[in-house]
file final-v5.csv (CSV, C-alpha atoms)
chain,number,residue,atom,x,y,z
A,150,MET,CA,82.7,65.6,116.3
A,151,SER,CA,79.8,67.9,117.0
A,152,PHE,CA,79.2,71.3,115.4
A,153,ILE,CA,80.5,73.5,118.3
A,154,PRO,CA,84.0,72.0,118.4
A,155,LYS,CA,84.3,72.5,114.6
A,156,ILE,CA,83.4,76.2,115.0
A,157,ARG,CA,86.0,76.5,117.8
A,158,VAL,CA,88.7,74.9,115.6
A,159,LEU,CA,87.8,77.3,112.7
A,160,ALA,CA,87.8,80.3,115.1
A,161,ARG,CA,91.4,79.3,116.3
A,162,VAL,CA,92.5,78.9,112.7
A,163,PHE,CA,91.0,82.2,111.7
A,164,ALA,CA,92.6,84.0,114.7
A,165,ALA,CA,96.0,82.5,113.8
A,166,PHE,CA,95.5,83.7,110.2
A,167,ARG,CA,94.7,87.2,111.4
A,168,ARG,CA,97.9,87.4,113.5
A,169,LYS,CA,100.2,86.4,110.7
A,170,ASP,CA,101.7,89.2,108.6
A,171,ASP,CA,103.7,87.2,106.1
A,172,GLY,CA,102.0,88.5,103.0
A,173,THR,CA,102.1,92.2,103.8
A,174,ALA,CA,105.1,92.9,101.7
A,175,THR,CA,103.5,91.3,98.7
A,176,ILE,CA,100.3,93.3,99.1
A,177,GLU,CA,102.4,96.6,99.4
A,178,PHE,CA,104.3,95.6,96.3
A,179,VAL,CA,101.2,94.9,94.3
A,180,LEU,CA,99.7,98.2,95.4
A,181,LEU,CA,102.8,100.3,94.5
A,182,LEU,CA,103.7,98.5,91.3
A,183,PRO,CA,101.5,100.7,89.0
A,184,VAL,CA,102.9,103.9,90.6
A,185,MET,CA,106.4,102.7,90.1
A,186,ILE,CA,105.7,101.8,86.4
A,187,LEU,CA,104.2,105.3,85.9
A,188,LEU,CA,107.2,107.0,87.5
A,189,PHE,CA,109.6,104.9,85.4
A,190,GLY,CA,107.7,105.8,82.2
A,191,ILE,CA,107.9,109.5,83.1
A,192,VAL,CA,111.6,109.3,83.7
A,193,ALA,CA,112.2,107.3,80.5
A,194,ASP,CA,110.2,109.8,78.4
A,195,THR,CA,111.8,112.8,79.9
A,196,ALA,CA,115.3,111.3,79.3
A,197,MET,CA,114.4,110.6,75.7
A,198,VAL,CA,113.2,114.1,75.1
A,199,PHE,CA,116.4,115.7,76.5
A,200,GLY,CA,118.5,113.2,74.6
A,201,GLY,CA,116.7,113.9,71.3
A,202,GLN,CA,116.9,117.6,71.9
A,203,ALA,CA,120.7,117.3,72.3
A,204,GLN,CA,121.0,115.3,69.0
A,205,VAL,CA,118.9,117.8,67.1
A,206,LEU,CA,120.9,120.7,68.5
A,207,ARG,CA,124.1,119.1,67.2
A,208,VAL,CA,122.7,118.7,63.7
A,209,VAL,CA,121.4,122.3,63.7
A,210,GLN,CA,124.8,123.6,64.8
A,211,ASP,CA,126.5,121.6,62.1
A,212,ALA,CA,124.2,123.0,59.4
A,213,ASN,CA,124.7,126.6,60.6
A,214,ARG,CA,128.4,126.1,60.6
A,215,ALA,CA,128.4,124.6,57.1
A,216,MET,CA,126.4,127.6,55.9
A,217,SER,CA,128.8,129.9,57.8
A,218,ILE,CA,131.9,128.6,56.0
A,219,GLY,CA,130.2,128.5,52.6
A,220,ARG,CA,129.9,124.7,52.3
A,221,VAL,CA,126.1,125.2,52.1
A,222,ARG,CA,125.1,128.1,49.9
A,223,SER,CA,121.4,128.7,50.5
A,224,VAL,CA,118.8,128.7,53.2
A,225,GLU,CA,116.9,125.8,51.5
A,226,GLU,CA,120.1,123.7,51.5
A,227,ALA,CA,120.6,124.3,55.2
A,228,GLN,CA,117.0,123.4,56.0
A,229,ASN,CA,117.2,120.2,53.9
A,230,MET,CA,120.5,119.3,55.6
A,231,ILE,CA,118.9,119.7,59.0
A,232,LEU,CA,115.8,117.7,58.0
A,233,ALA,CA,117.9,114.9,56.5
A,234,GLY,CA,120.1,114.8,59.7
A,235,ILE,CA,117.1,114.5,62.0
A,236,ALA,CA,114.7,112.5,59.9
A,237,ARG,CA,115.3,109.3,61.8
A,238,ILE,CA,114.7,110.8,65.3
A,239,ALA,CA,112.2,113.5,64.5
A,240,PRO,CA,110.2,112.8,61.3
A,241,ARG,CA,107.6,115.5,61.9
A,242,ALA,CA,110.0,118.4,62.5
A,243,ARG,CA,109.6,121.8,61.1
A,244,VAL,CA,112.7,123.9,60.3
A,245,GLN,CA,113.2,127.6,59.7
A,246,THR,CA,116.6,129.0,58.8
A,247,THR,CA,117.2,132.8,58.4
A,248,VAL,CA,120.2,134.9,57.5
A,249,THR,CA,120.1,138.4,58.8
A,250,GLU,CA,121.5,141.1,56.5
A,251,PRO,CA,124.5,142.9,57.8
A,252,ASP,CA,124.0,146.3,59.2
A,253,ILE,CA,126.4,149.1,58.3
A,254,ALA,CA,128.3,149.0,61.6
A,255,SER,CA,129.0,145.2,62.0
A,256,LYS,CA,128.8,143.8,58.4
A,257,VAL,CA,128.5,140.3,59.9
A,258,LEU,CA,125.8,137.9,58.8
A,259,VAL,CA,124.0,135.9,61.5
A,260,ILE,CA,122.7,132.5,60.5
A,261,SER,CA,119.8,131.3,62.7
A,262,SER,CA,118.0,128.0,62.6
A,263,THR,CA,115.0,127.0,64.6
A,264,VAL,CA,113.5,123.5,64.7
A,265,LEU,CA,110.1,122.7,66.1
A,266,ILE,CA,109.6,119.0,67.0
A,267,PRO,CA,106.4,117.5,68.4
A,268,VAL,CA,107.4,116.0,71.8
A,269,THR,CA,105.6,112.8,70.9
A,270,ASP,CA,108.4,112.1,68.3
A,271,PHE,CA,110.8,111.6,71.3
A,272,THR,CA,108.6,109.8,73.8
A,273,VAL,CA,108.9,106.0,74.0
A,274,THR,CA,106.4,104.7,76.5
A,275,GLY,CA,103.4,106.8,75.7
A,276,LEU,CA,102.2,106.4,79.3
A,277,VAL,CA,101.8,110.1,79.9
A,278,ASP,CA,99.3,111.9,77.7
A,279,SER,CA,100.3,115.2,79.2
A,280,PHE,CA,103.3,115.3,76.9
A,281,THR,CA,101.1,115.5,73.8
A,282,GLY,CA,100.5,118.9,72.3
A,283,PHE,CA,103.9,120.4,73.1
A,284,ASP,CA,106.8,121.2,70.8
A,285,VAL,CA,110.4,120.9,71.6
A,286,VAL,CA,112.2,124.0,70.3
A,287,VAL,CA,115.8,123.8,69.3
A,288,SER,CA,117.5,126.9,68.0
A,289,ALA,CA,121.1,127.9,67.3
A,290,GLN,CA,122.9,130.9,65.8
A,291,HIS,CA,126.2,131.2,64.1
A,292,LEU,CA,128.2,134.1,62.7
A,293,SER,CA,129.2,134.0,59.1
A,294,GLU,CA,132.9,133.5,58.6
A,295,SER,CA,133.0,134.3,54.9
call {"tool": "encode", "arguments": {"input": "final-v5.csv", "output": "structure tokens"}}
result
Amino acid sequence: MSFIPKIRVLARVFAAFRRKDDGTATIEFVLLLPVMILLFGIVADTAMVFGGQAQVLRVVQDANRAMSIGRVRSVEEAQNMILAGIARIAPRARVQTTVTEPDIASKVLVISSTVLIPVTDFTVTGLVDSFTGFDVVVSAQHLSES
């Protein structure tokens, strides 16, 4: 077989290869996979932030209620109760609890607690660096019942 027929055979094989589109789905999948992983990471981190915020809110409301009915006597106890309740999910949280003095007209104490949590305490994947530097703020108020 001479050189020219070999080139013609190779040209036909190459032309047949160019007409086939069997691998296009694989190529599209490979190109879109990083984008899909990034989107999944964003969704997972966002869900974890909202879930953690709901858990912290419940603990804050419980501590305010405990102080409202007299089960917790001081601001420090309420803050420690909140920190103990959220230590597992938000180890770097900062808590501030205040009790407003009653004014002459209402004579009702208002117990307010605010928790600041770095958002990185809630994120799981760490794929998105734009979440760093933010704090999740959870606050609740309760009227004193005593």
call {"tool": "residues_around", "arguments": {"input": "final-v5.csv", "residues": "Ala203 in chain A", "least_positions_apart": "5", "cutoff": "9 Å", "atoms": "all atoms listed in the file", "output": "PyMOL selection string"}}
result
chain A and resi 198+208+287
call {"tool": "residues_near_point", "arguments": {"input": "final-v5.csv", "point": "(130.0, 126.0, 61.2)", "cutoff": "7 Å", "atoms": "only C-alpha atoms", "output": "ChimeraX atom specification"}}
result
/A:210-218
call {"tool": "residues_around", "arguments": {"input": "final-v5.csv", "residues": "Ala242 in chain A", "least_positions_apart": "3", "cutoff": "10 Å", "atoms": "all atoms listed in the file", "output": "PyMOL selection string"}}
result
chain A and resi 231-232+235-236+238-239+264-268+270+284-286
call {"tool": "write_last_selection", "arguments": {"input": "final-v5.csv", "atoms": "C-alpha atoms", "output": "tab-separated table (two decimals), in the coordinates of the input"}}
result
chain	number	residue	atom	x	y	z
A	231	ILE	CA	118.90	119.70	59.00
A	232	LEU	CA	115.80	117.70	58.00
A	235	ILE	CA	117.10	114.50	62.00
A	236	ALA	CA	114.70	112.50	59.90
A	238	ILE	CA	114.70	110.80	65.30
A	239	ALA	CA	112.20	113.50	64.50
A	264	VAL	CA	113.50	123.50	64.70
A	265	LEU	CA	110.10	122.70	66.10
A	266	ILE	CA	109.60	119.00	67.00
A	267	PRO	CA	106.40	117.50	68.40
A	268	VAL	CA	107.40	116.00	71.80
A	270	ASP	CA	108.40	112.10	68.30
A	284	ASP	CA	106.80	121.20	70.80
A	285	VAL	CA	110.40	120.90	71.60
A	286	VAL	CA	112.20	124.00	70.30
call {"tool": "closest_atom_pairs", "arguments": {"input": "final-v5.csv", "of": "range 200-279 of chain A", "to": "range 179-195 of chain A", "cutoff": "10 Å", "atoms": "all atoms listed in the file", "output": "JSON lines"}}
result
{"residue": "A:Gly200", "atom": "CA", "partner": "A:Thr195", "partner_atom": "CA", "distance": 8.6}
{"residue": "A:Gly201", "atom": "CA", "partner": "A:Thr195", "partner_atom": "CA", "distance": 10.0}
{"residue": "A:Val268", "atom": "CA", "partner": "A:Asp194", "partner_atom": "CA", "distance": 9.5}
{"residue": "A:Thr269", "atom": "CA", "partner": "A:Asp194", "partner_atom": "CA", "distance": 9.3}
{"residue": "A:Phe271", "atom": "CA", "partner": "A:Asp194", "partner_atom": "CA", "distance": 7.3}
{"residue": "A:Thr272", "atom": "CA", "partner": "A:Asp194", "partner_atom": "CA", "distance": 4.9}
{"residue": "A:Val273", "atom": "CA", "partner": "A:Asp194", "partner_atom": "CA", "distance": 6.0}
{"residue": "A:Thr274", "atom": "CA", "partner": "A:Gly190", "partner_atom": "CA", "distance": 5.9}
{"residue": "A:Gly275", "atom": "CA", "partner": "A:Gly190", "partner_atom": "CA", "distance": 7.9}
{"residue": "A:Leu276", "atom": "CA", "partner": "A:Gly190", "partner_atom": "CA", "distance": 6.2}
{"residue": "A:Val277", "atom": "CA", "partner": "A:Ile191", "partner_atom": "CA", "distance": 6.9}
call {"tool": "atom_distance", "arguments": {"input": "final-v5.csv", "atom1": "CA of Gly219 in chain A", "atom2": "CA of Ala233 in chain A"}}
result
18.7 Å
call {"tool": "closest_residue", "arguments": {"input": "final-v5.csv", "among": "A:Ile176, A:Val224, A:Val259, A:Met230", "to": "Thr246 in chain A", "atoms": "only C-alpha atoms"}}
result
A:Val224
call {"tool": "build_atoms", "arguments": {"input": "final-v5.csv", "residues": "range 199-228 of chain A", "atoms": "N, CA and C atoms", "output": "CSV table (one decimal), in the frame of the given file"}}
result
chain,number,residue,atom,x,y,z
A,199,PHE,N,115.1,114.9,76.4
A,199,PHE,CA,116.4,115.7,76.5
A,199,PHE,C,117.5,115.1,75.6
A,200,GLY,N,117.5,113.8,75.5
A,200,GLY,CA,118.5,113.2,74.6
A,200,GLY,C,118.3,113.6,73.1
A,201,GLY,N,117.0,113.5,72.7
A,201,GLY,CA,116.7,113.9,71.3
A,201,GLY,C,116.9,115.4,71.1
A,202,GLN,N,116.7,116.2,72.1
A,202,GLN,CA,116.9,117.6,71.9
A,202,GLN,C,118.4,117.9,71.7
A,203,ALA,N,119.3,117.2,72.4
A,203,ALA,CA,120.7,117.3,72.3
A,203,ALA,C,121.2,116.9,70.9
A,204,GLN,N,120.6,115.8,70.4
A,204,GLN,CA,121.0,115.3,69.0
A,204,GLN,C,120.6,116.3,68.0
A,205,VAL,N,119.4,116.8,68.1
A,205,VAL,CA,118.9,117.8,67.1
A,205,VAL,C,119.7,119.1,67.2
A,206,LEU,N,120.1,119.5,68.4
A,206,LEU,CA,120.9,120.7,68.5
A,206,LEU,C,122.3,120.5,67.8
A,207,ARG,N,122.8,119.4,67.9
A,207,ARG,CA,124.1,119.1,67.2
A,207,ARG,C,124.0,119.2,65.7
A,208,VAL,N,122.9,118.7,65.2
A,208,VAL,CA,122.7,118.7,63.7
A,208,VAL,C,122.4,120.2,63.3
A,209,VAL,N,121.7,120.9,64.0
A,209,VAL,CA,121.4,122.3,63.7
A,209,VAL,C,122.7,123.1,63.7
A,210,GLN,N,123.5,122.9,64.7
A,210,GLN,CA,124.8,123.6,64.8
A,210,GLN,C,125.7,123.3,63.6
A,211,ASP,N,125.7,122.0,63.2
A,211,ASP,CA,126.5,121.6,62.1
A,211,ASP,C,126.1,122.3,60.8
A,212,ALA,N,124.7,122.3,60.6
A,212,ALA,CA,124.2,123.0,59.4
A,212,ALA,C,124.5,124.5,59.4
A,213,ASN,N,124.4,125.1,60.5
A,213,ASN,CA,124.7,126.6,60.6
A,213,ASN,C,126.2,126.8,60.3
A,214,ARG,N,127.0,125.9,60.9
A,214,ARG,CA,128.4,126.1,60.6
A,214,ARG,C,128.8,125.8,59.2
A,215,ALA,N,128.1,124.8,58.5
A,215,ALA,CA,128.4,124.6,57.1
A,215,ALA,C,127.9,125.8,56.3
A,216,MET,N,126.9,126.4,56.6
A,216,MET,CA,126.4,127.6,55.9
A,216,MET,C,127.4,128.8,56.2
A,217,SER,N,127.9,128.8,57.4
A,217,SER,CA,128.8,129.9,57.8
A,217,SER,C,130.1,129.9,57.0
A,218,ILE,N,130.6,128.7,56.7
A,218,ILE,CA,131.9,128.6,56.0
A,218,ILE,C,131.7,128.5,54.5
A,219,GLY,N,130.5,128.5,54.0
A,219,GLY,CA,130.2,128.5,52.6
A,219,GLY,C,130.1,127.1,52.0
A,220,ARG,N,130.1,126.1,52.8
A,220,ARG,CA,129.9,124.7,52.3
A,220,ARG,C,128.4,124.5,51.8
A,221,VAL,N,127.5,125.2,52.5
A,221,VAL,CA,126.1,125.2,52.1
A,221,VAL,C,125.8,126.6,51.7
A,222,ARG,N,125.2,126.8,50.5
A,222,ARG,CA,125.1,128.1,49.9
A,222,ARG,C,123.8,128.8,50.1
A,223,SER,N,122.7,128.0,50.4
A,223,SER,CA,121.4,128.7,50.5
A,223,SER,C,120.7,128.2,51.7
A,224,VAL,N,119.6,129.0,52.1
A,224,VAL,CA,118.8,128.7,53.2
A,224,VAL,C,118.1,127.3,53.0
A,225,GLU,N,117.6,127.1,51.8
A,225,GLU,CA,116.9,125.8,51.5
A,225,GLU,C,117.8,124.6,51.7
A,226,GLU,N,119.1,124.8,51.3
A,226,GLU,CA,120.1,123.7,51.5
A,226,GLU,C,120.3,123.4,53.0
A,227,ALA,N,120.4,124.5,53.7
A,227,ALA,CA,120.6,124.3,55.2
A,227,ALA,C,119.4,123.6,55.8
A,228,GLN,N,118.2,124.0,55.4
A,228,GLN,CA,117.0,123.4,56.0
A,228,GLN,C,116.9,122.0,55.6
